[in-house]
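Below is one structure, written out as structure tokens, with a few remarks after it.
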Amino acid sequence: MNTPWEKIANSIEFIPAEYSSKIQSESVAREMLRCETAEIDRLVDAGLPFENRSGVRYFDVSDLYNLGMYSNKTNTQPELAFRMLFRFAGRSVDDLLCEKSWDFRVQLECTECDGVAPWRFEAPDVVRFGGRIVGGEAPEPGSGTAEYAATVTTTGVRTPLVSSELRRLTREYLDAGYRWQMIPVAMQADYELVHELGATSCIAASLLLAERFRAAGYEAEAKRGWFCGVLGGALDLPHACVEVQDDDGTYKTVDIAKAQLAARLSPNTGDFQELCLGSIYNKVIPSTASGNASFGYHECGSQLPVHVRADIRSAR
Amino acid sequence: MTTEPMQAVREFILGRNPKLDQVSDDLDLIDSRAINSLAFVEFIFLLEELTGEPIDPEDLDLDDFRTLNALEARFFNKEAAQ
């Protein structure tokens with residue numbers, strides 16, 4: 001059943017101007033949403049923010065993703081992408097608990113580099129969760145670009161939250177009705193704003209939940225990482241989860257947004273959703289970066305953030 | 001036997017790249033952005049339809065998608081690829 005675009009536009013939160021980057025042309029919008037110019041006109045009339053440059057309308061990619069994802073058209077590119085992405089969540093949980101190796105490669109780019117300087121890369125941090133890393137030399141000081149490469153082996157461990165208080169807080173968050181949206185990383189760090197809008201996302205959800213865990217007296221921190229097996233690296237999704245010390249003294253990971261997204265996108269994902277609440281699974285590579293921090297820095301003095309592009313493939 | 005599905009693959013690529021007149025067998029489809037990240041998932045669904053087999057997104061290797069030759073070997077002519 002097609003849902004009129006006006007209703008969809010009214011149901012999602014567009015990215016506020018201060019976080020919006022309108023660089024996707026109207027032709028991209030038509031392709032992503034599988035619609036015609038007249039339908040883009042309707043969306044613009046319904047509030048879709050745009051910029052007009054040289055007679056061409058440009059849009060924010062997150063806005064387009066969210067419109068497509070919640071359109072119920074079934075054929076928009078965001079719907080197809082997430083349907084493909086979350087197929088795994090309906091599979092046997094045992095698949096997510098076995099060892100899995102990844103060819104992990106990250107390119108760091110300092111776009112307006114001021115010269116040779118040390119790099120800092122927030123590397124994969126899997127050993128304390130039972131995984132291992134082969135390779136992974138820290139980038140040498142340099143300019144412009146640097147690379148980090150390793151074979152990273154992840155493994156799953158079933159360690160559900162045991163604290164009734166942590167479970168209560170987690171359930172309270174899940175039941176609050178926040179709606180998952182694609183949100184720029186910088187805005188996700190502004191997690192109060194994200195939740196005020198009734199929205200949620202991996203990083204924003206983890207920052208808020210970690211705060212609530214700490215308020216309840218638990219040691220907790222939102223940490224960033226990489227969600228693996230995402231279409232050969234073709235779709236770059238920000239990832240974060242909460243690391244919290246449970247009543248049994250063990251550090252658990254709470255992947256709250258993935259639990260929520262799986263529940264929305266795919267029926268029969270109950271086992272996966274439960275796995276997200278404390279257990280480690282093999283599709284995630286945790287890092288040393290805290291919840292709203294960048295994965296990479298270059299100490300050359302440039303004011304622009306380092307671009308970090310990950311290419312993570314299942315090792316063959 | 002493999003002509004028909006490869007024709008569908010060509011038509012998909014040409015349909016999304018109006019400026020292309022043709023797709024040579026060795027054109028790098030990824031670097032040339034003939035298949036960009038937006039169209040990638042749609043393309044995978046097309047390949048599933050044409051092969052009648054599911055594709056596990058976890059096991060994808062971009063090199064399998066680089067050229068028409070690579071696509072044919074990987075998805076439509078597996079015996080020849082071995």
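Ordering of the structure tokens sets the chain letters (A, B, ...), residue numbers begin anew at 1 in every chain, and ligands are numbered from 1 in the order given.
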
Distance filter 9 Å, only C-alpha atoms, chain B against chain A, as JSON, numbers by chain:
{"B": [16, 36, 37, 38, 39, 40, 41, 42, 45, 56, 57, 58, 59, 60, 61, 62]}

Check stretch 34-85 of chain A with DSSP on the backbone and list each residue it calls helix (DSSP H, G or I), as a ChimeraX atom specification.
/A:37-45,61-69,77-85

Can you pull out the residues contacting stretch 130-132 of chain A? Cut-off 8 Å, using only C-alpha atoms, and skip same-chain residues under 2 positions away; I want them as a list in words.
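Neighbouring residues, sequence-local ones excluded: Glu99, Val126, Val127, Arg128, Val134, Val152, Thr153, Thr154, Thr155 and Gly156 of chain A.
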
Excluding B:Leu14 and residues on its chain fewer than 6 positions from it, collect all residues at most 12 Å away from it, counting only C-alpha atoms, and give them as a PyMOL selection string.
chain B and resi 7-8+20-24+29+33-35

I need the residues in stretch 132-242 of chain A that are strand (DSSP E or B) according to DSSP; give them as a ChimeraX atom specification.
/A:132-135,142,145-154,157,179-180,199-200,220-227,238-242

Set the distance at 9 Å and use only C-alpha atoms: which residues neighbour A:Gln107 once local chain neighbours fewer than 2 positions away are removed? I'd like the list as a list in words.
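So, after excluding close chain neighbours, the residues are Arg105, Glu109, Thr145, Ala146, Glu147, Tyr148, Ala149, His307, Val308, Arg309, Ala310 and Asp311 of chain A.
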
Per-residue nearest contacts of stretch 141-162 of chain A to stretch 259-275 of chain A (10 Å; only C-alpha atoms) as a Markdown table:
| residue | atom | partner | partner_atom | distance |
| --- | --- | --- | --- | --- |
| A:Gly156 | CA | A:Leu275 | CA | 9.6 |
| A:Val157 | CA | A:Leu275 | CA | 9.2 |
| A:Arg158 | CA | A:Leu275 | CA | 7.0 |
| A:Thr159 | CA | A:Leu275 | CA | 8.2 |
| A:Pro160 | CA | A:Leu275 | CA | 7.0 |
| A:Leu161 | CA | A:Glu274 | CA | 9.5 |

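For the choices A:Ala17, A:Ala205, A:Leu48, A:Cys241, the atom-to-atom distance to A:Glu221 is smallest for A:Cys241 when using only C-alpha atoms.
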
Distance in Å - atom CA of A:Ile183 versus atom CA of A:Asn10:
16.9 Å

May I have the residues within 7 Å of B:Asp26 as an NGL selection string, using only C-alpha atoms and disregarding those fewer than 2 positions away in the same chain?
:B and (24 or 28 or 67-69)

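Nearest to B:Glu53 of all the residues B:Val9, B:Asp31, B:Phe65, B:Phe76 is B:Phe76, counting only C-alpha atoms.
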
Shell around A:Gly142 at 10 Å using only C-alpha atoms, local window under 3 positions removed, as a PyMOL selection string:
chain A and resi 113+115-119+139+145-146+298-300

Would you work out the distance separating atom CA of A:Tyr70 from atom CA of A:Ala240, expressed in Å to one decimal?
22.5 Å
